[in-house]
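Visitor: Got a structure for you, entry18.pdb, holding PDB, N, CA and C atoms.
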```
ATOM      1  N   MET A 970     -56.220  -3.667 -33.855
ATOM      2  CA  MET A 970     -56.916  -3.281 -32.635
ATOM      3  C   MET A 970     -56.407  -4.147 -31.476
ATOM      4  N   PRO A 971     -55.990  -3.522 -30.363
ATOM      5  CA  PRO A 971     -55.484  -4.291 -29.227
ATOM      6  C   PRO A 971     -56.589  -5.113 -28.568
ATOM      7  N   ASN A 972     -56.217  -6.284 -28.067
ATOM      8  CA  ASN A 972     -57.195  -7.084 -27.341
ATOM      9  C   ASN A 972     -57.211  -6.648 -25.872
ATOM     10  N   ILE A 973     -58.082  -7.232 -25.087
ATOM     11  CA  ILE A 973     -58.258  -6.820 -23.695
ATOM     12  C   ILE A 973     -56.960  -6.959 -22.896
ATOM     13  N   TYR A 974     -56.181  -7.992 -23.145
ATOM     14  CA  TYR A 974     -54.938  -8.204 -22.402
ATOM     15  C   TYR A 974     -53.900  -7.136 -22.740
ATOM     16  N   GLN A 975     -53.847  -6.742 -23.987
ATOM     17  CA  GLN A 975     -52.928  -5.685 -24.401
ATOM     18  C   GLN A 975     -53.344  -4.345 -23.791
ATOM     19  N   LYS A 976     -54.637  -4.106 -23.732
ATOM     20  CA  LYS A 976     -55.132  -2.875 -23.124
ATOM     21  C   LYS A 976     -54.817  -2.841 -21.632
ATOM     22  N   LEU A 977     -55.049  -3.950 -20.945
ATOM     23  CA  LEU A 977     -54.749  -4.012 -19.511
ATOM     24  C   LEU A 977     -53.258  -3.881 -19.243
ATOM     25  N   GLN A 978     -52.447  -4.456 -20.101
ATOM     26  CA  GLN A 978     -51.000  -4.343 -19.946
ATOM     27  C   GLN A 978     -50.557  -2.894 -20.127
ATOM     28  N   ALA A 979     -51.152  -2.191 -21.073
ATOM     29  CA  ALA A 979     -50.826  -0.787 -21.295
ATOM     30  C   ALA A 979     -51.186   0.053 -20.069
ATOM     31  N   ILE A 980     -52.316  -0.240 -19.463
ATOM     32  CA  ILE A 980     -52.728   0.470 -18.249
ATOM     33  C   ILE A 980     -51.754   0.170 -17.115
ATOM     34  N   GLN A 981     -51.427  -1.093 -16.942
ATOM     35  CA  GLN A 981     -50.504  -1.480 -15.876
ATOM     36  C   GLN A 981     -49.143  -0.812 -16.052
ATOM     37  N   ALA A 982     -48.669  -0.727 -17.285
ATOM     38  CA  ALA A 982     -47.381  -0.091 -17.557
ATOM     39  C   ALA A 982     -47.427   1.406 -17.291
ATOM     40  N   SER A 983     -48.593   2.003 -17.389
ATOM     41  CA  SER A 983     -48.733   3.456 -17.220
ATOM     42  C   SER A 983     -48.944   3.889 -15.775
ATOM     43  N   THR A 984     -49.297   2.975 -14.891
ATOM     44  CA  THR A 984     -49.639   3.379 -13.529
ATOM     45  C   THR A 984     -48.429   3.820 -12.722
ATOM     46  N   GLY A 985     -47.290   3.200 -12.911
ATOM     47  CA  GLY A 985     -46.118   3.566 -12.118
ATOM     48  C   GLY A 985     -46.294   3.161 -10.670
ATOM     49  N   ALA A 986     -45.524   3.794  -9.809
ATOM     50  CA  ALA A 986     -45.586   3.484  -8.382
ATOM     51  C   ALA A 986     -46.846   4.095  -7.766
ATOM     52  N   ILE A 987     -47.446   3.367  -6.864
ATOM     53  CA  ILE A 987     -48.631   3.844  -6.159
ATOM     54  C   ILE A 987     -48.205   4.252  -4.755
ATOM     55  N   SER A 988     -48.497   5.481  -4.405
ATOM     56  CA  SER A 988     -48.129   5.987  -3.082
ATOM     57  C   SER A 988     -49.179   5.582  -2.054
ATOM     58  N   LYS A 989     -48.724   4.963  -1.007
ATOM     59  CA  LYS A 989     -49.616   4.607   0.094
ATOM     60  C   LYS A 989     -49.616   5.790   1.057
ATOM     61  N   THR A 990     -50.690   6.569   1.036
ATOM     62  CA  THR A 990     -50.734   7.809   1.803
ATOM     63  C   THR A 990     -51.544   7.710   3.086
ATOM     64  N   GLU A 991     -52.371   6.693   3.215
ATOM     65  CA  GLU A 991     -53.204   6.542   4.409
ATOM     66  C   GLU A 991     -52.493   5.663   5.428
ATOM     67  N   LEU A 992     -52.768   5.902   6.716
ATOM     68  CA  LEU A 992     -52.118   5.132   7.780
ATOM     69  C   LEU A 992     -53.156   4.418   8.614
ATOM     70  N   ASN A 993     -52.985   3.114   8.777
ATOM     71  CA  ASN A 993     -53.806   2.343   9.695
ATOM     72  C   ASN A 993     -53.102   2.399  11.043
ATOM     73  N   LYS A 994     -53.674   3.138  11.983
ATOM     74  CA  LYS A 994     -53.032   3.334  13.288
ATOM     75  C   LYS A 994     -53.028   2.057  14.122
ATOM     76  N   PHE A 995     -54.040   1.230  13.969
ATOM     77  CA  PHE A 995     -54.117  -0.012  14.747
ATOM     78  C   PHE A 995     -53.028  -0.994  14.319
ATOM     79  N   GLY A 996     -52.897  -1.213  13.019
ATOM     80  CA  GLY A 996     -51.901  -2.157  12.503
ATOM     81  C   GLY A 996     -50.574  -1.511  12.168
ATOM     82  N   ASN A 997     -50.527  -0.183  12.236
ATOM     83  CA  ASN A 997     -49.324   0.590  11.942
ATOM     84  C   ASN A 997     -48.751   0.269  10.556
ATOM     85  N   TYR A 998     -49.612   0.376   9.538
ATOM     86  CA  TYR A 998     -49.147   0.190   8.159
ATOM     87  C   TYR A 998     -49.816   1.216   7.258
ATOM     88  N   LYS A 999     -49.174   1.511   6.165
ATOM     89  CA  LYS A 999     -49.714   2.456   5.188
ATOM     90  C   LYS A 999     -50.483   1.693   4.110
ATOM     91  N   TYR A1000     -51.471   2.361   3.535
ATOM     92  CA  TYR A1000     -52.282   1.762   2.477
ATOM     93  C   TYR A1000     -52.818   2.854   1.566
ATOM     94  N   PHE A1001     -53.373   2.454   0.422
ATOM     95  CA  PHE A1001     -54.075   3.409  -0.436
ATOM     96  C   PHE A1001     -55.523   2.963  -0.528
ATOM     97  N   THR A1002     -56.398   3.916  -0.758
ATOM     98  CA  THR A1002     -57.829   3.648  -0.756
ATOM     99  C   THR A1002     -58.326   3.283  -2.152
ATOM    100  N   GLU A1003     -59.524   2.753  -2.197
ATOM    101  CA  GLU A1003     -60.159   2.457  -3.476
ATOM    102  C   GLU A1003     -60.364   3.733  -4.268
ATOM    103  N   ARG A1004     -60.664   4.811  -3.581
ATOM    104  CA  ARG A1004     -60.872   6.098  -4.249
ATOM    105  C   ARG A1004     -59.586   6.555  -4.940
ATOM    106  N   GLN A1005     -58.447   6.377  -4.274
ATOM    107  CA  GLN A1005     -57.171   6.739  -4.883
ATOM    108  C   GLN A1005     -56.891   5.879  -6.111
ATOM    109  N   ALA A1006     -57.185   4.587  -6.012
ATOM    110  CA  ALA A1006     -56.968   3.688  -7.139
ATOM    111  C   ALA A1006     -57.865   4.077  -8.315
ATOM    112  N   PHE A1007     -59.128   4.366  -8.040
ATOM    113  CA  PHE A1007     -60.051   4.745  -9.109
ATOM    114  C   PHE A1007     -59.619   6.052  -9.758
ATOM    115  N   LYS A1008     -59.182   7.005  -8.955
ATOM    116  CA  LYS A1008     -58.723   8.287  -9.490
ATOM    117  C   LYS A1008     -57.536   8.084 -10.425
ATOM    118  N   LEU A1009     -56.641   7.196 -10.055
ATOM    119  CA  LEU A1009     -55.474   6.884 -10.877
ATOM    120  C   LEU A1009     -55.880   6.168 -12.170
ATOM    121  N   LEU A1010     -56.799   5.228 -12.071
ATOM    122  CA  LEU A1010     -57.157   4.382 -13.211
ATOM    123  C   LEU A1010     -58.163   5.008 -14.175
ATOM    124  N   LYS A1011     -58.970   5.937 -13.712
ATOM    125  CA  LYS A1011     -60.074   6.456 -14.522
ATOM    126  C   LYS A1011     -59.619   6.965 -15.893
ATOM    127  N   SER A1012     -58.627   7.819 -15.941
ATOM    128  CA  SER A1012     -58.192   8.364 -17.230
ATOM    129  C   SER A1012     -57.508   7.298 -18.089
ATOM    130  N   LEU A1013     -56.781   6.385 -17.447
ATOM    131  CA  LEU A1013     -56.113   5.320 -18.199
ATOM    132  C   LEU A1013     -57.122   4.361 -18.822
ATOM    133  N   LEU A1014     -58.178   4.075 -18.087
ATOM    134  CA  LEU A1014     -59.245   3.217 -18.623
ATOM    135  C   LEU A1014     -59.941   3.906 -19.792
ATOM    136  N   THR A1015     -60.179   5.194 -19.667
ATOM    137  CA  THR A1015     -60.829   5.959 -20.732
ATOM    138  C   THR A1015     -59.993   5.935 -22.002
ATOM    139  N   GLU A1016     -58.687   6.104 -21.857
ATOM    140  CA  GLU A1016     -57.794   6.071 -23.015
ATOM    141  C   GLU A1016     -57.900   4.742 -23.770
ATOM    142  N   GLN A1017     -58.098   3.654 -23.028
ATOM    143  CA  GLN A1017     -58.181   2.324 -23.636
ATOM    144  C   GLN A1017     -59.622   1.920 -23.961
ATOM    145  N   LYS A1018     -60.558   2.830 -23.726
ATOM    146  CA  LYS A1018     -61.983   2.569 -23.946
ATOM    147  C   LYS A1018     -62.472   1.370 -23.144
ATOM    148  N   LEU A1019     -62.049   1.342 -21.875
ATOM    149  CA  LEU A1019     -62.474   0.316 -20.929
ATOM    150  C   LEU A1019     -63.203   0.982 -19.781
ATOM    151  N   THR A1020     -63.931   0.203 -19.014
ATOM    152  CA  THR A1020     -64.641   0.730 -17.864
ATOM    153  C   THR A1020     -64.416  -0.166 -16.663
ATOM    154  N   LEU A1021     -64.594   0.403 -15.506
ATOM    155  CA  LEU A1021     -64.459  -0.332 -14.254
ATOM    156  C   LEU A1021     -65.814  -0.332 -13.581
ATOM    157  N   THR A1022     -66.317  -1.497 -13.262
ATOM    158  CA  THR A1022     -67.587  -1.590 -12.555
ATOM    159  C   THR A1022     -67.352  -2.332 -11.256
ATOM    160  N   PHE A1023     -68.070  -1.926 -10.231
ATOM    161  CA  PHE A1023     -67.925  -2.588  -8.945
ATOM    162  C   PHE A1023     -69.206  -2.427  -8.152
ATOM    163  N   SER A1024     -69.317  -3.231  -7.123
ATOM    164  CA  SER A1024     -70.480  -3.190  -6.260
ATOM    165  C   SER A1024     -70.010  -3.296  -4.819
ATOM    166  N   ASP A1025     -70.692  -2.644  -3.926
ATOM    167  CA  ASP A1025     -70.369  -2.772  -2.512
ATOM    168  C   ASP A1025     -71.264  -3.801  -1.828
ATOM    169  N   ASP A1026     -72.043  -4.517  -2.615
ATOM    170  CA  ASP A1026     -72.907  -5.562  -2.086
ATOM    171  C   ASP A1026     -72.119  -6.869  -2.021
ATOM    172  N   PRO A1027     -71.804  -7.363  -0.822
ATOM    173  CA  PRO A1027     -70.995  -8.583  -0.722
ATOM    174  C   PRO A1027     -71.661  -9.810  -1.358
ATOM    175  N   GLN A1028     -72.970  -9.870  -1.375
ATOM    176  CA  GLN A1028     -73.667 -10.996  -1.988
ATOM    177  C   GLN A1028     -73.481 -11.000  -3.497
ATOM    178  N   THR A1029     -73.492  -9.822  -4.110
ATOM    179  CA  THR A1029     -73.297  -9.711  -5.548
ATOM    180  C   THR A1029     -71.899 -10.162  -5.936
ATOM    181  N   ALA A1030     -70.901  -9.693  -5.212
ATOM    182  CA  ALA A1030     -69.517 -10.067  -5.509
ATOM    183  C   ALA A1030     -69.332 -11.569  -5.379
ATOM    184  N   TYR A1031     -69.919 -12.164  -4.367
ATOM    185  CA  TYR A1031     -69.805 -13.602  -4.154
ATOM    186  C   TYR A1031     -70.513 -14.367  -5.268
ATOM    187  N   ALA A1032     -71.688 -13.909  -5.655
ATOM    188  CA  ALA A1032     -72.454 -14.587  -6.707
ATOM    189  C   ALA A1032     -71.719 -14.518  -8.046
ATOM    190  N   GLU A1033     -71.132 -13.378  -8.364
ATOM    191  CA  GLU A1033     -70.406 -13.242  -9.623
ATOM    192  C   GLU A1033     -69.202 -14.167  -9.659
ATOM    193  N   LYS A1034     -68.513 -14.286  -8.559
ATOM    194  CA  LYS A1034     -67.354 -15.166  -8.494
ATOM    195  C   LYS A1034     -67.767 -16.615  -8.713
ATOM    196  N   ASN A1035     -68.844 -17.026  -8.067
ATOM    197  CA  ASN A1035     -69.289 -18.410  -8.197
ATOM    198  C   ASN A1035     -69.818 -18.717  -9.589
ATOM    199  N   ASP A1036     -70.441 -17.730 -10.233
ATOM    200  CA  ASP A1036     -70.963 -17.957 -11.579
ATOM    201  C   ASP A1036     -69.848 -18.239 -12.573
ATOM    202  N   LYS A1037     -68.667 -17.705 -12.341
ATOM    203  CA  LYS A1037     -67.561 -17.857 -13.283
ATOM    204  C   LYS A1037     -66.759 -19.131 -13.030
ATOM    205  N   GLU A1038     -66.953 -19.743 -11.891
ATOM    206  CA  GLU A1038     -66.185 -20.955 -11.569
ATOM    207  C   GLU A1038     -66.750 -22.187 -12.243
TER     208      GLU A1038
END
```
Take the structure I supplied and represent it as structure tokens, if you would.
Guide:
Amino acid sequence: MPNIYQKLQAIQASTGAISKTELNKFGNYKYFTERQAFKLLKSLLTEQKLTLTFSDDPQTAYAEKNDKE
């Protein structure tokens, strides 16, 4: 059974090039959105029986980071 690092490596190897389709007119640079990244990763995570969790609450993200330090 693959460990978490092997599973993540398999996902990374499967993603290929990521197309930056959105344009920031102010900074004049291209980027990809979180939605595009999730759409790309969702099936790959499922294949490896992994999940992606996230929060848009900045306090939660900060607290989780500090708890691990």
Visitor: Apply the PyMOL selection byres (((chain A and resi 1003 and name CA) around 12) and name CA) to the file shown and report the selected residues as a list in words.
Guide: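 Expected selection for the PyMOL selection byres (((chain A and resi 1003 and name CA) around 12) and name CA) here is Ile987, Lys989, Glu991, Tyr1000, Phe1001, Thr1002, Arg1004, Gln1005, Ala1006, Phe1007, Lys1008, Leu1009, Leu1010, Lys1011, Leu1021, Phe1023 and Asp1025 of chain A.
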Visitor: Output the selection as a compact mmCIF listing (two decimals), in the frame of the given file - N, CA and C atoms for each residue.
Guide:
```
# COMPACT_ATOMS: atom_id res chain seq x y z
N ILE A 987 -47.45 3.37 -6.86
CA ILE A 987 -48.63 3.84 -6.16
C ILE A 987 -48.20 4.25 -4.76
N LYS A 989 -48.72 4.96 -1.01
CA LYS A 989 -49.62 4.61 0.09
C LYS A 989 -49.62 5.79 1.06
N GLU A 991 -52.37 6.69 3.22
CA GLU A 991 -53.20 6.54 4.41
C GLU A 991 -52.49 5.66 5.43
N TYR A 1000 -51.47 2.36 3.54
CA TYR A 1000 -52.28 1.76 2.48
C TYR A 1000 -52.82 2.85 1.57
N PHE A 1001 -53.37 2.45 0.42
CA PHE A 1001 -54.08 3.41 -0.44
C PHE A 1001 -55.52 2.96 -0.53
N THR A 1002 -56.40 3.92 -0.76
CA THR A 1002 -57.83 3.65 -0.76
C THR A 1002 -58.33 3.28 -2.15
N ARG A 1004 -60.66 4.81 -3.58
CA ARG A 1004 -60.87 6.10 -4.25
C ARG A 1004 -59.59 6.56 -4.94
N GLN A 1005 -58.45 6.38 -4.27
CA GLN A 1005 -57.17 6.74 -4.88
C GLN A 1005 -56.89 5.88 -6.11
N ALA A 1006 -57.18 4.59 -6.01
CA ALA A 1006 -56.97 3.69 -7.14
C ALA A 1006 -57.86 4.08 -8.32
N PHE A 1007 -59.13 4.37 -8.04
CA PHE A 1007 -60.05 4.74 -9.11
C PHE A 1007 -59.62 6.05 -9.76
N LYS A 1008 -59.18 7.00 -8.96
CA LYS A 1008 -58.72 8.29 -9.49
C LYS A 1008 -57.54 8.08 -10.42
N LEU A 1009 -56.64 7.20 -10.06
CA LEU A 1009 -55.47 6.88 -10.88
C LEU A 1009 -55.88 6.17 -12.17
N LEU A 1010 -56.80 5.23 -12.07
CA LEU A 1010 -57.16 4.38 -13.21
C LEU A 1010 -58.16 5.01 -14.18
N LYS A 1011 -58.97 5.94 -13.71
CA LYS A 1011 -60.07 6.46 -14.52
C LYS A 1011 -59.62 6.96 -15.89
N LEU A 1021 -64.59 0.40 -15.51
CA LEU A 1021 -64.46 -0.33 -14.25
C LEU A 1021 -65.81 -0.33 -13.58
N PHE A 1023 -68.07 -1.93 -10.23
CA PHE A 1023 -67.92 -2.59 -8.94
C PHE A 1023 -69.21 -2.43 -8.15
N ASP A 1025 -70.69 -2.64 -3.93
CA ASP A 1025 -70.37 -2.77 -2.51
C ASP A 1025 -71.26 -3.80 -1.83
```
Visitor: Take every atom of range 974-993 of chain A listed in the file, pad by 3 Å on each side, and give me the axis-aligned box centre and edge lengths in Å, one decimal, as AutoDock Vina command-line options.
Guide:
```
--center_x -50.9 --center_y -0.2 --center_z -6.7 --size_x 16.7 --size_y 22.0 --size_z 41.4
```
Visitor: With DSSP run on the backbone, what are the helix (DSSP H, G or I) residues within chain A? I'd like them as a PyMOL selection string.
Guide: chain A and resi 973-984+1003-1016+1027-1037
Visitor: Can you tell me how far CA of Leu977 in chain A sits from CA of Leu992 in chain A, in Å to one decimal?
Guide: 28.9 Å
Visitor: Go through A:Tyr998, A:Asn993, A:Gln981, A:Lys976 and flag the residue nearest Lys1018 in chain A, using only N, CA and C atoms for the distances.
Guide: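 Among the listed residues, the smallest separation from Lys1018 in chain A belongs to A:Lys976.
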Visitor: Expanded to explicit residues, what is the PyMOL selection byres (((chain A and resi 1017 and name CA) around 12) and name CA) for this file, as a list in words?
Guide: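 Evaluating the PyMOL selection byres (((chain A and resi 1017 and name CA) around 12) and name CA) on these coordinates yields Met970, Pro971, Asn972, Ile973, Tyr974, Gln975, Lys976, Leu977, Gln978, Ala979, Ile980, Gln981, Ser983, Leu1010, Lys1011, Ser1012, Leu1013, Leu1014, Thr1015, Glu1016, Lys1018, Leu1019, Thr1020 and Leu1021 of chain A.
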Visitor: To test your reading of the structure, identify every residue in chain A that backbone DSSP assigns to strand (DSSP E or B), and report it as a PDB file with N, CA and C atoms, in the frame of the given file.
Guide:
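Below you can see part_26.pdb, which holds the result:
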```
ATOM      1  N   GLU A 991     -52.371   6.693   3.215  1.00  0.00           N
ATOM      2  CA  GLU A 991     -53.204   6.542   4.409  1.00  0.00           C
ATOM      3  C   GLU A 991     -52.493   5.663   5.428  1.00  0.00           C
ATOM      4  N   LEU A 992     -52.768   5.902   6.716  1.00  0.00           N
ATOM      5  CA  LEU A 992     -52.118   5.132   7.780  1.00  0.00           C
ATOM      6  C   LEU A 992     -53.156   4.418   8.614  1.00  0.00           C
ATOM      7  N   ASN A 993     -52.985   3.114   8.777  1.00  0.00           N
ATOM      8  CA  ASN A 993     -53.806   2.343   9.695  1.00  0.00           C
ATOM      9  C   ASN A 993     -53.102   2.399  11.043  1.00  0.00           C
ATOM     10  N   TYR A 998     -49.612   0.376   9.538  1.00  0.00           N
ATOM     11  CA  TYR A 998     -49.147   0.190   8.159  1.00  0.00           C
ATOM     12  C   TYR A 998     -49.816   1.216   7.258  1.00  0.00           C
ATOM     13  N   LYS A 999     -49.174   1.511   6.165  1.00  0.00           N
ATOM     14  CA  LYS A 999     -49.714   2.456   5.188  1.00  0.00           C
ATOM     15  C   LYS A 999     -50.483   1.693   4.110  1.00  0.00           C
ATOM     16  N   TYR A1000     -51.471   2.361   3.535  1.00  0.00           N
ATOM     17  CA  TYR A1000     -52.282   1.762   2.477  1.00  0.00           C
ATOM     18  C   TYR A1000     -52.818   2.854   1.566  1.00  0.00           C
TER      19      TYR A1000
END
```
Visitor: May I ask for the distance between CA of Ala986 in chain A and atom N of Asp1026 in chain A, given in Å to one decimal place?
Guide: 28.2 Å
